[in-house]
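Asks: Encoded as structure tokens, here's the structure I'll be asking about.
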Amino acid sequence: MALGALIIFAGFELGKSSFTKILHPAATVFSILPLAILVVAIFLKLWLSLFFGKIGKLISSDTVKAASIDSRNDILCTSLVLLSAIFEYFTGLRVDGYVGLAVAVFVVYTGIAVVSQEVSSLLGQAPDPEVVEEIKETALSYDGIVGVHDLIVHNYGPGRVVISLHAEVPAEEDILKSHDIIDQVEKAMMDKFRAVTCIHMDPVDTSNPEVQKLKEVVTSIVSSIDERLSIHDFRVVFGETHTNLIFDVVIPFRFEKEAELEKQIQQAVTEYDSSLFIVTQIEHNLC
């Protein structure tokens, strides 16, 4: 954010000096030495921008990426100063003030973009979808983990990441064995993602074929409404007169059908079997 603020400040300063040049134009002194210095500066800044960009991407550092943007802006400013000087030398037209003003607007814009990105990070934003999928795949690669949901990634900067999620385990499995698997997954997450990991264990019935069949029916119904929807924590409470299907439905943000979603699911379930009733909790996808 500090780098972004400095970029904005530099843009305003450039805009102020450019506006002064427009009001009070002065001839540009053109000689070989300043020309050579500007050319060398452009190539050095180009190398620096590429270097910062590569390192910033490698270590996922927004600060280093912002330094790359700052160097790129320097390249743009220096190049346009050089071109303006050459243009004035051959035509006699003084355009450096107007060019500088245009560059100033661009620099301020990039500075605002850098600050906005960091504000989003501080306020909290969804993690990279590729990272989310990698976390899920890592958890599901362990025997004894049958599902993952309620995944949240708290990012407080490089080396300060916290991962929390719910892992579904077979209810009929020995609880000590399941707990040991959860510990293994947490350690693997810490080593792989360099993140403090906290996993909540959710037991689910995987041995009852009737429960599995009902889960497949509900999953199919929910997917038919919108393929972006998913369910988890599916449980069944059997009764003499009716059966309750208890589960959570995960919806994306700004889901237009949220108000009538529960009614739609219940209607489809009733068409399948009138003795079935749903007890749902609607929640938003945090990733």
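In the structure tokens, the first chain shown is A, the next is B, and so on; residue numbers restart at 1 for each chain, and ligands run from 1 in the order shown.
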Residues near Ile145 of chain A, anyone? I mean within 9 Å using only C-alpha atoms, not counting same-chain ones fewer than 6 positions away, as a list in words.

Replies: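 These residues fall inside the cut-off: Ala139, Ala167, Glu168, Val169, Pro170, Ser178, Ile181 and Ile182 of chain A.
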
Asks: Restricting the output to N, CA and C atoms, write the selected residues as a PDB file, in the first residue's frame.

Replies:
ATOM      1  N   ALA A 139      -6.506 -32.971   0.636  1.00  0.00           N
ATOM      2  CA  ALA A 139      -7.281 -33.590   1.714  1.00  0.00           C
ATOM      3  C   ALA A 139      -7.934 -34.895   1.252  1.00  0.00           C
ATOM      4  N   ALA A 167     -13.805 -31.638   7.153  1.00  0.00           N
ATOM      5  CA  ALA A 167     -13.529 -32.880   6.439  1.00  0.00           C
ATOM      6  C   ALA A 167     -14.539 -33.937   6.867  1.00  0.00           C
ATOM      7  N   GLU A 168     -15.222 -34.536   5.891  1.00  0.00           N
ATOM      8  CA  GLU A 168     -16.198 -35.584   6.181  1.00  0.00           C
ATOM      9  C   GLU A 168     -15.483 -36.929   6.291  1.00  0.00           C
ATOM     10  N   VAL A 169     -15.777 -37.653   7.371  1.00  0.00           N
ATOM     11  CA  VAL A 169     -15.175 -38.973   7.610  1.00  0.00           C
ATOM     12  C   VAL A 169     -16.301 -39.981   7.856  1.00  0.00           C
ATOM     13  N   PRO A 170     -16.086 -41.258   7.547  1.00  0.00           N
ATOM     14  CA  PRO A 170     -17.131 -42.271   7.787  1.00  0.00           C
ATOM     15  C   PRO A 170     -17.501 -42.346   9.265  1.00  0.00           C
ATOM     16  N   SER A 178      -9.793 -41.899  12.656  1.00  0.00           N
ATOM     17  CA  SER A 178     -10.165 -40.720  11.875  1.00  0.00           C
ATOM     18  C   SER A 178      -9.408 -39.485  12.350  1.00  0.00           C
ATOM     19  N   ILE A 181      -5.913 -39.509  11.019  1.00  0.00           N
ATOM     20  CA  ILE A 181      -5.876 -39.104   9.606  1.00  0.00           C
ATOM     21  C   ILE A 181      -5.966 -37.588   9.486  1.00  0.00           C
ATOM     22  N   ILE A 182      -6.857 -36.988  10.286  1.00  0.00           N
ATOM     23  CA  ILE A 182      -7.004 -35.533  10.273  1.00  0.00           C
ATOM     24  C   ILE A 182      -5.682 -34.857  10.649  1.00  0.00           C
TER      25      ILE A 182
END

Asks: Using only C-alpha atoms, determine which residues lie at most 6 Å from segment 101-109 of chain A, disregarding the query and same-chain residues fewer than 2 positions distant; provide the list as a ChimeraX atom specification.

Replies: /A:8,11,14-15,18,98-99,111-112

Asks: Produce a file of the selected residues containing C-alpha atoms, as a PDB file, in the first residue's frame.

Replies:
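So out24.pdb came out as:
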ATOM      1  CA  ILE A   8       0.040   8.004  -6.812  1.00  0.00           C
ATOM      2  CA  GLY A  11       1.776  10.712 -10.671  1.00  0.00           C
ATOM      3  CA  LEU A  14       4.358  14.587 -12.717  1.00  0.00           C
ATOM      4  CA  GLY A  15       0.928  15.984 -13.541  1.00  0.00           C
ATOM      5  CA  SER A  18       3.481  18.828 -16.844  1.00  0.00           C
ATOM      6  CA  TYR A  98       0.824  17.262 -22.835  1.00  0.00           C
ATOM      7  CA  VAL A  99       2.580  13.906 -23.004  1.00  0.00           C
ATOM      8  CA  GLY A 111      -1.155   3.497  -8.173  1.00  0.00           C
ATOM      9  CA  ILE A 112      -4.854   3.410  -7.321  1.00  0.00           C
TER      10      ILE A 112
END

Asks: What are the closest atom pairs, with distances in Å to one decimal, for all residues of segment 63-111 of chain A lying within 12 Å of segment 33-42 of chain A? Consider only C-alpha atoms, order rows by chain and residue number, and present the result as JSON lines.

Replies:
{"residue": "A:Ser71", "atom": "CA", "partner": "A:Ile42", "partner_atom": "CA", "distance": 9.5}
{"residue": "A:Arg72", "atom": "CA", "partner": "A:Ile42", "partner_atom": "CA", "distance": 9.4}
{"residue": "A:Asn73", "atom": "CA", "partner": "A:Ile42", "partner_atom": "CA", "distance": 10.5}
{"residue": "A:Asp74", "atom": "CA", "partner": "A:Ile42", "partner_atom": "CA", "distance": 7.9}
{"residue": "A:Ile75", "atom": "CA", "partner": "A:Ile42", "partner_atom": "CA", "distance": 5.4}
{"residue": "A:Leu76", "atom": "CA", "partner": "A:Ile42", "partner_atom": "CA", "distance": 8.5}
{"residue": "A:Cys77", "atom": "CA", "partner": "A:Ile42", "partner_atom": "CA", "distance": 9.4}
{"residue": "A:Thr78", "atom": "CA", "partner": "A:Ile42", "partner_atom": "CA", "distance": 6.6}
{"residue": "A:Ser79", "atom": "CA", "partner": "A:Ile42", "partner_atom": "CA", "distance": 6.9}
{"residue": "A:Leu80", "atom": "CA", "partner": "A:Leu38", "partner_atom": "CA", "distance": 10.4}
{"residue": "A:Val81", "atom": "CA", "partner": "A:Leu38", "partner_atom": "CA", "distance": 8.7}
{"residue": "A:Leu82", "atom": "CA", "partner": "A:Leu38", "partner_atom": "CA", "distance": 6.9}
{"residue": "A:Leu83", "atom": "CA", "partner": "A:Leu35", "partner_atom": "CA", "distance": 10.1}
{"residue": "A:Ser84", "atom": "CA", "partner": "A:Leu35", "partner_atom": "CA", "distance": 11.6}
{"residue": "A:Ala85", "atom": "CA", "partner": "A:Leu35", "partner_atom": "CA", "distance": 9.0}
{"residue": "A:Ile86", "atom": "CA", "partner": "A:Leu35", "partner_atom": "CA", "distance": 9.2}

Asks: Dump C-alpha atoms for the selected residues as a CSV table (one decimal), in the first residue's frame?

Replies:
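part_39.csv was written with the following content:
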chain,number,residue,atom,x,y,z
A,71,SER,CA,9.7,0.4,-12.6
A,72,ARG,CA,7.4,-0.1,-15.6
A,73,ASN,CA,6.0,3.4,-15.0
A,74,ASP,CA,9.5,4.7,-14.9
A,75,ILE,CA,10.1,3.1,-18.3
A,76,LEU,CA,7.0,4.7,-19.7
A,77,CYS,CA,7.8,8.1,-18.3
A,78,THR,CA,11.5,8.1,-19.5
A,79,SER,CA,10.6,6.7,-22.9
A,80,LEU,CA,8.0,9.4,-23.5
A,81,VAL,CA,10.4,12.2,-22.3
A,82,LEU,CA,12.9,10.9,-24.8
A,83,LEU,CA,10.4,10.7,-27.6
A,84,SER,CA,9.1,14.2,-26.8
A,85,ALA,CA,12.6,15.6,-26.9
A,86,ILE,CA,13.3,14.0,-30.2

Asks: Any idea what the distance is between atom CA of Val146 of chain A and atom CA of Asp226 of chain A?

Replies: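 Computed distance, atom CA of Val146 of chain A to atom CA of Asp226 of chain A, equals 22.9 Å.
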
Asks: Distance atom CA of Glu240 of chain A-atom CA of Ser275 of chain A, one decimal place?

Replies: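 Rounded to one decimal, the two atoms are 9.6 Å apart.
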
Asks: For Ile282 of chain A, list every protein, DNA or RNA residue within 7 Å, evaluated using only C-alpha atoms, and leave out those in the same chain fewer than 5 positions away; present the list as a count of residues only.

Replies: 3

Asks: When you count only C-alpha atoms, which of these residues is closest to Glu137 of chain A: A:Val185, A:Glu173, A:Glu262, A:Ile152?

Replies: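 That would be A:Val185, the residue with the smallest distance to Glu137 of chain A.
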
Asks: Which of segment 112-240 of chain A end up as strand (DSSP E or B) when DSSP is run on this backbone - answer as a PyMOL selection string?

Replies: chain A and resi 147-155+161-170+195-204+230-237

Asks: Show which residues sit within 12 Å of Leu50 of chain A, as a ChimeraX atom specification. Count only C-alpha atoms, and ignore same-chain residues fewer than 5 positions away.

Replies: /A:43-45,55-57,64-72,75

Asks: Could you find all residues in segment 30-238 of chain A that DSSP calls helix (DSSP H, G or I) from the backbone, and write them as a compact mmCIF listing (two decimals) with N, CA and C atoms, in the first residue's frame?

Replies:
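What landed in part04.txt:
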# COMPACT_ATOMS: atom_id res chain seq x y z
N ILE A 32 23.67 14.78 -26.81
CA ILE A 32 23.93 13.34 -26.88
C ILE A 32 24.02 12.70 -25.49
N LEU A 33 24.68 13.38 -24.53
CA LEU A 33 24.89 12.78 -23.21
C LEU A 33 23.56 12.48 -22.50
N PRO A 34 22.64 13.45 -22.37
CA PRO A 34 21.35 13.13 -21.74
C PRO A 34 20.59 12.04 -22.51
N LEU A 35 20.72 12.06 -23.84
CA LEU A 35 20.06 11.05 -24.65
C LEU A 35 20.58 9.66 -24.31
N ALA A 36 21.90 9.53 -24.20
CA ALA A 36 22.50 8.24 -23.87
C ALA A 36 22.10 7.79 -22.47
N ILE A 37 22.08 8.73 -21.52
CA ILE A 37 21.69 8.39 -20.14
C ILE A 37 20.25 7.89 -20.09
N LEU A 38 19.36 8.54 -20.84
CA LEU A 38 17.95 8.11 -20.86
C LEU A 38 17.81 6.71 -21.45
N VAL A 39 18.54 6.43 -22.53
CA VAL A 39 18.46 5.11 -23.16
C VAL A 39 18.95 4.03 -22.20
N VAL A 40 20.09 4.30 -21.54
CA VAL A 40 20.62 3.33 -20.56
C VAL A 40 19.63 3.13 -19.42
N ALA A 41 19.02 4.22 -18.95
CA ALA A 41 18.05 4.15 -17.85
C ALA A 41 16.84 3.30 -18.23
N ILE A 42 16.40 3.44 -19.49
CA ILE A 42 15.25 2.65 -19.95
C ILE A 42 15.55 1.16 -19.90
N PHE A 43 16.72 0.77 -20.40
CA PHE A 43 17.08 -0.65 -20.41
C PHE A 43 17.30 -1.20 -19.00
N LEU A 44 17.90 -0.39 -18.12
CA LEU A 44 18.09 -0.83 -16.74
C LEU A 44 16.75 -1.01 -16.02
N LYS A 45 15.85 -0.06 -16.25
CA LYS A 45 14.54 -0.16 -15.63
C LYS A 45 13.72 -1.32 -16.20
N LEU A 46 13.93 -1.61 -17.48
CA LEU A 46 13.24 -2.74 -18.09
C LEU A 46 13.69 -4.04 -17.43
N TRP A 47 15.00 -4.18 -17.24
CA TRP A 47 15.52 -5.37 -16.56
C TRP A 47 14.98 -5.44 -15.13
N LEU A 48 14.95 -4.30 -14.45
CA LEU A 48 14.49 -4.27 -13.06
C LEU A 48 13.01 -4.64 -12.96
N SER A 49 12.21 -4.14 -13.90
CA SER A 49 10.77 -4.44 -13.89
C SER A 49 10.54 -5.93 -14.11
N LEU A 50 11.26 -6.52 -15.09
CA LEU A 50 11.12 -7.95 -15.36
C LEU A 50 11.60 -8.79 -14.17
N PHE A 51 12.68 -8.35 -13.54
CA PHE A 51 13.24 -9.06 -12.38
C PHE A 51 12.25 -9.05 -11.22
N PHE A 52 11.74 -7.86 -10.89
CA PHE A 52 10.76 -7.75 -9.80
C PHE A 52 9.50 -8.55 -10.11
N GLY A 53 9.07 -8.50 -11.38
CA GLY A 53 7.87 -9.24 -11.76
C GLY A 53 8.04 -10.74 -11.59
N LYS A 54 9.20 -11.26 -11.99
CA LYS A 54 9.47 -12.69 -11.87
C LYS A 54 9.56 -13.11 -10.41
N ILE A 55 10.31 -12.34 -9.61
CA ILE A 55 10.46 -12.67 -8.18
C ILE A 55 9.13 -12.53 -7.45
N GLY A 56 8.37 -11.47 -7.77
CA GLY A 56 7.07 -11.26 -7.12
C GLY A 56 6.12 -12.40 -7.37
N LYS A 57 6.12 -12.93 -8.60
CA LYS A 57 5.27 -14.08 -8.94
C LYS A 57 5.77 -15.33 -8.26
N LEU A 58 7.10 -15.50 -8.20
CA LEU A 58 7.70 -16.70 -7.62
C LEU A 58 7.38 -16.84 -6.14
N ILE A 59 7.45 -15.73 -5.40
CA ILE A 59 7.24 -15.78 -3.94
C ILE A 59 5.87 -15.24 -3.54
N ASP A 62 2.96 -9.25 -3.17
CA ASP A 62 2.36 -8.08 -3.80
C ASP A 62 3.28 -6.87 -3.72
N THR A 63 4.11 -6.82 -2.69
CA THR A 63 5.03 -5.69 -2.53
C THR A 63 6.04 -5.67 -3.68
N VAL A 64 6.63 -6.82 -3.99
CA VAL A 64 7.62 -6.89 -5.08
C VAL A 64 6.93 -6.67 -6.43
N LYS A 65 5.69 -7.17 -6.57
CA LYS A 65 4.95 -6.92 -7.80
C LYS A 65 4.68 -5.43 -7.99
N ALA A 66 4.39 -4.74 -6.88
CA ALA A 66 4.17 -3.29 -6.95
C ALA A 66 5.45 -2.57 -7.37
N ALA A 67 6.61 -3.06 -6.91
CA ALA A 67 7.89 -2.49 -7.32
C ALA A 67 8.10 -2.68 -8.82
N SER A 68 7.64 -3.80 -9.35
CA SER A 68 7.73 -4.05 -10.80
C SER A 68 6.88 -3.04 -11.57
N ILE A 69 5.67 -2.77 -11.05
CA ILE A 69 4.79 -1.78 -11.69
C ILE A 69 5.43 -0.40 -11.64
N ASP A 70 6.06 -0.06 -10.52
CA ASP A 70 6.73 1.23 -10.37
C ASP A 70 7.84 1.38 -11.40
N SER A 71 8.63 0.32 -11.59
CA SER A 71 9.71 0.35 -12.59
C SER A 71 9.14 0.46 -14.01
N ARG A 72 8.02 -0.22 -14.25
CA ARG A 72 7.39 -0.13 -15.57
C ARG A 72 6.93 1.30 -15.85
N ASN A 73 6.40 1.97 -14.83
CA ASN A 73 5.98 3.35 -15.00
C ASN A 73 7.17 4.25 -15.30
N ASP A 74 8.29 3.96 -14.66
CA ASP A 74 9.51 4.74 -14.94
C ASP A 74 9.94 4.58 -16.39
N ILE A 75 9.81 3.34 -16.91
CA ILE A 75 10.15 3.09 -18.32
C ILE A 75 9.26 3.95 -19.23
N LEU A 76 7.96 3.95 -18.93
CA LEU A 76 7.01 4.71 -19.74
C LEU A 76 7.33 6.20 -19.71
N CYS A 77 7.55 6.71 -18.49
CA CYS A 77 7.84 8.15 -18.34
C CYS A 77 9.12 8.53 -19.08
N THR A 78 10.19 7.76 -18.87
CA THR A 78 11.47 8.07 -19.48
C THR A 78 11.41 7.96 -21.00
N SER A 79 10.71 6.93 -21.50
CA SER A 79 10.59 6.74 -22.95
C SER A 79 9.86 7.91 -23.59
N LEU A 80 8.77 8.36 -22.96
CA LEU A 80 7.99 9.45 -23.53
C LEU A 80 8.74 10.77 -23.44
N VAL A 81 9.52 10.95 -22.38
CA VAL A 81 10.37 12.15 -22.29
C VAL A 81 11.36 12.16 -23.45
N LEU A 82 11.96 10.99 -23.70
CA LEU A 82 12.93 10.87 -24.78
C LEU A 82 12.28 11.13 -26.14
N LEU A 83 11.13 10.52 -26.37
CA LEU A 83 10.44 10.70 -27.65
C LEU A 83 9.98 12.15 -27.83
N SER A 84 9.53 12.76 -26.74
CA SER A 84 9.09 14.16 -26.82
C SER A 84 10.26 15.07 -27.19
N ALA A 85 11.42 14.79 -26.59
CA ALA A 85 12.61 15.60 -26.88
C ALA A 85 13.02 15.46 -28.34
N ILE A 86 12.99 14.20 -28.83
CA ILE A 86 13.34 13.96 -30.24
C ILE A 86 12.32 14.62 -31.16
N PHE A 87 11.03 14.50 -30.82
CA PHE A 87 9.97 15.11 -31.63
C PHE A 87 10.13 16.62 -31.69
N GLU A 88 10.42 17.24 -30.55
CA GLU A 88 10.60 18.69 -30.51
C GLU A 88 11.84 19.11 -31.30
N TYR A 89 12.90 18.30 -31.23
CA TYR A 89 14.15 18.63 -31.93
C TYR A 89 13.93 18.70 -33.44
N PHE A 90 13.11 17.78 -33.99
CA PHE A 90 12.92 17.73 -35.43
C PHE A 90 11.75 18.59 -35.92
N THR A 91 10.76 18.87 -35.04
CA THR A 91 9.58 19.62 -35.50
C THR A 91 9.47 21.01 -34.88
N ASP A 96 5.98 18.00 -24.71
CA ASP A 96 6.33 17.24 -23.51
C ASP A 96 5.36 17.46 -22.36
N GLY A 97 4.79 18.66 -22.26
CA GLY A 97 3.83 18.94 -21.19
C GLY A 97 2.56 18.11 -21.34
N TYR A 98 2.04 18.03 -22.57
CA TYR A 98 0.82 17.26 -22.83
C TYR A 98 1.07 15.75 -22.66
N VAL A 99 2.23 15.31 -23.16
CA VAL A 99 2.58 13.91 -23.00
C VAL A 99 2.74 13.56 -21.53
N GLY A 100 3.42 14.45 -20.80
CA GLY A 100 3.61 14.22 -19.36
C GLY A 100 2.30 14.15 -18.60
N LEU A 101 1.33 14.98 -19.00
CA LEU A 101 0.02 14.97 -18.34
C LEU A 101 -0.69 13.64 -18.58
N ALA A 102 -0.60 13.13 -19.81
CA ALA A 102 -1.22 11.83 -20.12
C ALA A 102 -0.57 10.71 -19.31
N VAL A 103 0.77 10.76 -19.21
CA VAL A 103 1.49 9.74 -18.44
C VAL A 103 1.12 9.84 -16.97
N ALA A 104 0.94 11.06 -16.47
CA ALA A 104 0.59 11.27 -15.06
C ALA A 104 -0.74 10.60 -14.73
N VAL A 105 -1.70 10.73 -15.63
CA VAL A 105 -3.01 10.09 -15.42
C VAL A 105 -2.84 8.58 -15.34
N PHE A 106 -2.02 8.02 -16.24
CA PHE A 106 -1.80 6.57 -16.23
C PHE A 106 -1.10 6.13 -14.95
N VAL A 107 -0.12 6.88 -14.50
CA VAL A 107 0.62 6.53 -13.28
C VAL A 107 -0.30 6.56 -12.07
N VAL A 108 -1.13 7.59 -11.96
CA VAL A 108 -2.08 7.68 -10.84
C VAL A 108 -3.04 6.49 -10.88
N TYR A 109 -3.49 6.13 -12.09
CA TYR A 109 -4.41 4.99 -12.24
C TYR A 109 -3.77 3.70 -11.74
N THR A 110 -2.51 3.45 -12.13
CA THR A 110 -1.84 2.22 -11.69
C THR A 110 -1.62 2.24 -10.18
N GLY A 111 -1.33 3.40 -9.62
CA GLY A 111 -1.16 3.50 -8.17
C GLY A 111 -2.44 3.18 -7.43
N ILE A 112 -3.55 3.70 -7.94
CA ILE A 112 -4.85 3.41 -7.32
C ILE A 112 -5.16 1.92 -7.41
N ALA A 113 -4.80 1.30 -8.55
CA ALA A 113 -5.04 -0.15 -8.72
C ALA A 113 -4.25 -0.95 -7.70
N VAL A 114 -3.00 -0.56 -7.45
CA VAL A 114 -2.16 -1.25 -6.46
C VAL A 114 -2.77 -1.13 -5.06
N VAL A 115 -3.17 0.09 -4.69
CA VAL A 115 -3.76 0.31 -3.37
C VAL A 115 -5.07 -0.46 -3.22
N SER A 116 -5.90 -0.43 -4.26
CA SER A 116 -7.19 -1.14 -4.22
C SER A 116 -7.00 -2.62 -4.00
N GLN A 117 -5.99 -3.20 -4.68
CA GLN A 117 -5.73 -4.64 -4.53
C GLN A 117 -5.35 -4.97 -3.09
N GLU A 118 -4.54 -4.11 -2.48
CA GLU A 118 -4.11 -4.38 -1.11
C GLU A 118 -5.25 -4.18 -0.12
N VAL A 119 -6.10 -3.21 -0.39
CA VAL A 119 -7.27 -3.00 0.48
C VAL A 119 -8.16 -4.24 0.45
N SER A 120 -8.34 -4.82 -0.76
CA SER A 120 -9.14 -6.04 -0.89
C SER A 120 -8.53 -7.18 -0.08
N SER A 121 -7.19 -7.28 -0.12
CA SER A 121 -6.51 -8.34 0.63
C SER A 121 -6.72 -8.16 2.13
N LEU A 122 -6.65 -6.92 2.59
CA LEU A 122 -6.81 -6.65 4.02
C LEU A 122 -8.25 -6.90 4.48
N LEU A 123 -9.20 -6.54 3.63
CA LEU A 123 -10.61 -6.73 3.99
C LEU A 123 -11.03 -8.18 3.87
N PRO A 129 -8.64 -19.82 -7.18
CA PRO A 129 -9.37 -21.09 -7.39
C PRO A 129 -8.44 -22.29 -7.54
N GLU A 130 -7.28 -22.09 -8.14
CA GLU A 130 -6.33 -23.20 -8.30
C GLU A 130 -5.83 -23.68 -6.94
N VAL A 131 -5.59 -22.73 -6.03
CA VAL A 131 -5.14 -23.09 -4.68
C VAL A 131 -6.24 -23.84 -3.95
N VAL A 132 -7.48 -23.38 -4.12
CA VAL A 132 -8.63 -24.03 -3.48
C VAL A 132 -8.72 -25.49 -3.92
N GLU A 133 -8.63 -25.72 -5.23
CA GLU A 133 -8.71 -27.08 -5.75
C GLU A 133 -7.55 -27.94 -5.26
N GLU A 134 -6.37 -27.33 -5.16
CA GLU A 134 -5.20 -28.07 -4.69
C GLU A 134 -5.35 -28.48 -3.23
N ILE A 135 -5.94 -27.59 -2.43
CA ILE A 135 -6.18 -27.91 -1.01
C ILE A 135 -7.17 -29.07 -0.90
N LYS A 136 -8.26 -29.00 -1.68
CA LYS A 136 -9.26 -30.07 -1.64
C LYS A 136 -8.67 -31.40 -2.08
N GLU A 137 -7.90 -31.36 -3.17
CA GLU A 137 -7.30 -32.59 -3.68
C GLU A 137 -6.33 -33.20 -2.67
N THR A 138 -5.60 -32.34 -1.97
CA THR A 138 -4.66 -32.83 -0.96
C THR A 138 -5.40 -33.55 0.16
N ALA A 139 -6.51 -32.97 0.64
CA ALA A 139 -7.28 -33.59 1.71
C ALA A 139 -7.93 -34.90 1.25
N LEU A 140 -8.51 -34.87 0.05
CA LEU A 140 -9.23 -36.05 -0.44
C LEU A 140 -8.29 -37.18 -0.87
N ILE A 175 -13.09 -43.50 15.84
CA ILE A 175 -12.85 -42.07 15.94
C ILE A 175 -11.37 -41.73 16.12
N LEU A 176 -10.63 -42.61 16.81
CA LEU A 176 -9.20 -42.37 17.00
C LEU A 176 -8.45 -42.47 15.67
N LYS A 177 -8.87 -43.42 14.83
CA LYS A 177 -8.24 -43.56 13.51
C LYS A 177 -8.53 -42.35 12.64
N SER A 178 -9.79 -41.90 12.66
CA SER A 178 -10.16 -40.72 11.87
C SER A 178 -9.41 -39.49 12.35
N HIS A 179 -9.26 -39.37 13.67
CA HIS A 179 -8.54 -38.23 14.24
C HIS A 179 -7.08 -38.25 13.81
N ASP A 180 -6.50 -39.42 13.75
CA ASP A 180 -5.11 -39.55 13.32
C ASP A 180 -4.95 -39.13 11.85
N ILE A 181 -5.91 -39.51 11.02
CA ILE A 181 -5.88 -39.10 9.61
C ILE A 181 -5.97 -37.59 9.49
N ILE A 182 -6.86 -36.99 10.29
CA ILE A 182 -7.00 -35.53 10.27
C ILE A 182 -5.68 -34.86 10.65
N ASP A 183 -5.00 -35.39 11.65
CA ASP A 183 -3.70 -34.84 12.06
C ASP A 183 -2.69 -34.92 10.91
N GLN A 184 -2.71 -36.04 10.19
CA GLN A 184 -1.80 -36.21 9.05
C GLN A 184 -2.10 -35.18 7.96
N VAL A 185 -3.37 -34.95 7.69
CA VAL A 185 -3.76 -33.98 6.66
C VAL A 185 -3.32 -32.57 7.08
N GLU A 186 -3.53 -32.23 8.35
CA GLU A 186 -3.13 -30.91 8.83
C GLU A 186 -1.63 -30.69 8.66
N LYS A 187 -0.84 -31.71 9.01
CA LYS A 187 0.61 -31.60 8.87
C LYS A 187 1.02 -31.46 7.40
N ALA A 188 0.36 -32.23 6.53
CA ALA A 188 0.65 -32.16 5.10
C ALA A 188 0.34 -30.77 4.54
N MET A 189 -0.78 -30.20 5.00
CA MET A 189 -1.17 -28.85 4.57
C MET A 189 -0.14 -27.82 5.01
N MET A 190 0.32 -27.95 6.24
CA MET A 190 1.32 -27.01 6.77
C MET A 190 2.61 -27.07 5.96
N ASP A 191 3.03 -28.29 5.62
CA ASP A 191 4.27 -28.46 4.86
C ASP A 191 4.12 -27.98 3.42
N LYS A 192 2.97 -28.28 2.80
CA LYS A 192 2.79 -27.98 1.38
C LYS A 192 2.45 -26.53 1.12
N PHE A 193 1.58 -25.95 1.95
CA PHE A 193 1.10 -24.58 1.71
C PHE A 193 1.70 -23.56 2.67
N PRO A 209 -26.85 -48.19 2.60
CA PRO A 209 -27.14 -48.00 1.17
C PRO A 209 -28.35 -47.11 0.91
N GLU A 210 -29.32 -47.14 1.83
CA GLU A 210 -30.52 -46.30 1.65
C GLU A 210 -30.16 -44.83 1.80
N VAL A 211 -29.30 -44.53 2.77
CA VAL A 211 -28.84 -43.14 2.96
C VAL A 211 -28.07 -42.67 1.74
N GLN A 212 -27.18 -43.53 1.21
CA GLN A 212 -26.39 -43.18 0.03
C GLN A 212 -27.29 -42.93 -1.18
N LYS A 213 -28.34 -43.74 -1.32
CA LYS A 213 -29.26 -43.57 -2.45
C LYS A 213 -29.99 -42.24 -2.35
N LEU A 214 -30.46 -41.91 -1.12
CA LEU A 214 -31.16 -40.64 -0.93
C LEU A 214 -30.22 -39.45 -1.17
N LYS A 215 -28.97 -39.60 -0.78
CA LYS A 215 -28.00 -38.53 -1.01
C LYS A 215 -27.79 -38.31 -2.51
N GLU A 216 -27.71 -39.39 -3.26
CA GLU A 216 -27.55 -39.30 -4.71
C GLU A 216 -28.76 -38.61 -5.35
N VAL A 217 -29.96 -38.92 -4.83
CA VAL A 217 -31.18 -38.31 -5.35
C VAL A 217 -31.16 -36.80 -5.11
N VAL A 218 -30.84 -36.40 -3.88
CA VAL A 218 -30.82 -34.98 -3.53
C VAL A 218 -29.73 -34.25 -4.31
N THR A 219 -28.56 -34.87 -4.43
CA THR A 219 -27.46 -34.26 -5.19
C THR A 219 -27.87 -34.02 -6.63
N SER A 220 -28.55 -35.00 -7.23
CA SER A 220 -29.02 -34.87 -8.60
C SER A 220 -30.06 -33.76 -8.74
N ILE A 221 -30.96 -33.67 -7.76
CA ILE A 221 -32.00 -32.63 -7.78
C ILE A 221 -31.37 -31.25 -7.69
N VAL A 222 -30.44 -31.08 -6.76
CA VAL A 222 -29.79 -29.78 -6.55
C VAL A 222 -28.99 -29.38 -7.79
N SER A 223 -28.28 -30.33 -8.38
CA SER A 223 -27.49 -30.04 -9.58
C SER A 223 -28.37 -29.67 -10.76
N SER A 224 -29.56 -30.27 -10.83
CA SER A 224 -30.47 -29.97 -11.94
C SER A 224 -31.02 -28.54 -11.85
N ILE A 225 -31.10 -28.01 -10.63
CA ILE A 225 -31.55 -26.63 -10.44
C ILE A 225 -30.48 -25.66 -10.91

Asks: Write out as an MDAnalysis selection string the residues lying within 8 Å of Ile251 of chain A, counting only C-alpha atoms and excluding same-chain residues fewer than 6 positions away.

Replies: chainID A and resid 228:230 258 282:285

Asks: What lies within 8 Å of Val279 of chain A using only C-alpha atoms, ignoring chain neighbours under 4 positions off, as a ChimeraX atom specification?

Replies: /A:244-247

Asks: Would you output that residue set with N, CA and C atoms, as a PDB file, in the first residue's frame?

Replies:
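What ended up in again-v7.pdb:
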ATOM      1  N   ASN A 244     -36.839 -37.271   7.480  1.00  0.00           N
ATOM      2  CA  ASN A 244     -36.212 -35.963   7.305  1.00  0.00           C
ATOM      3  C   ASN A 244     -34.830 -36.110   6.657  1.00  0.00           C
ATOM      4  N   LEU A 245     -34.616 -35.329   5.614  1.00  0.00           N
ATOM      5  CA  LEU A 245     -33.315 -35.259   4.955  1.00  0.00           C
ATOM      6  C   LEU A 245     -32.651 -33.946   5.390  1.00  0.00           C
ATOM      7  N   ILE A 246     -31.576 -34.063   6.124  1.00  0.00           N
ATOM      8  CA  ILE A 246     -30.918 -32.881   6.684  1.00  0.00           C
ATOM      9  C   ILE A 246     -29.592 -32.654   5.954  1.00  0.00           C
ATOM     10  N   PHE A 247     -29.421 -31.456   5.398  1.00  0.00           N
ATOM     11  CA  PHE A 247     -28.187 -31.160   4.661  1.00  0.00           C
ATOM     12  C   PHE A 247     -28.035 -29.650   4.469  1.00  0.00           C
TER      13      PHE A 247
END
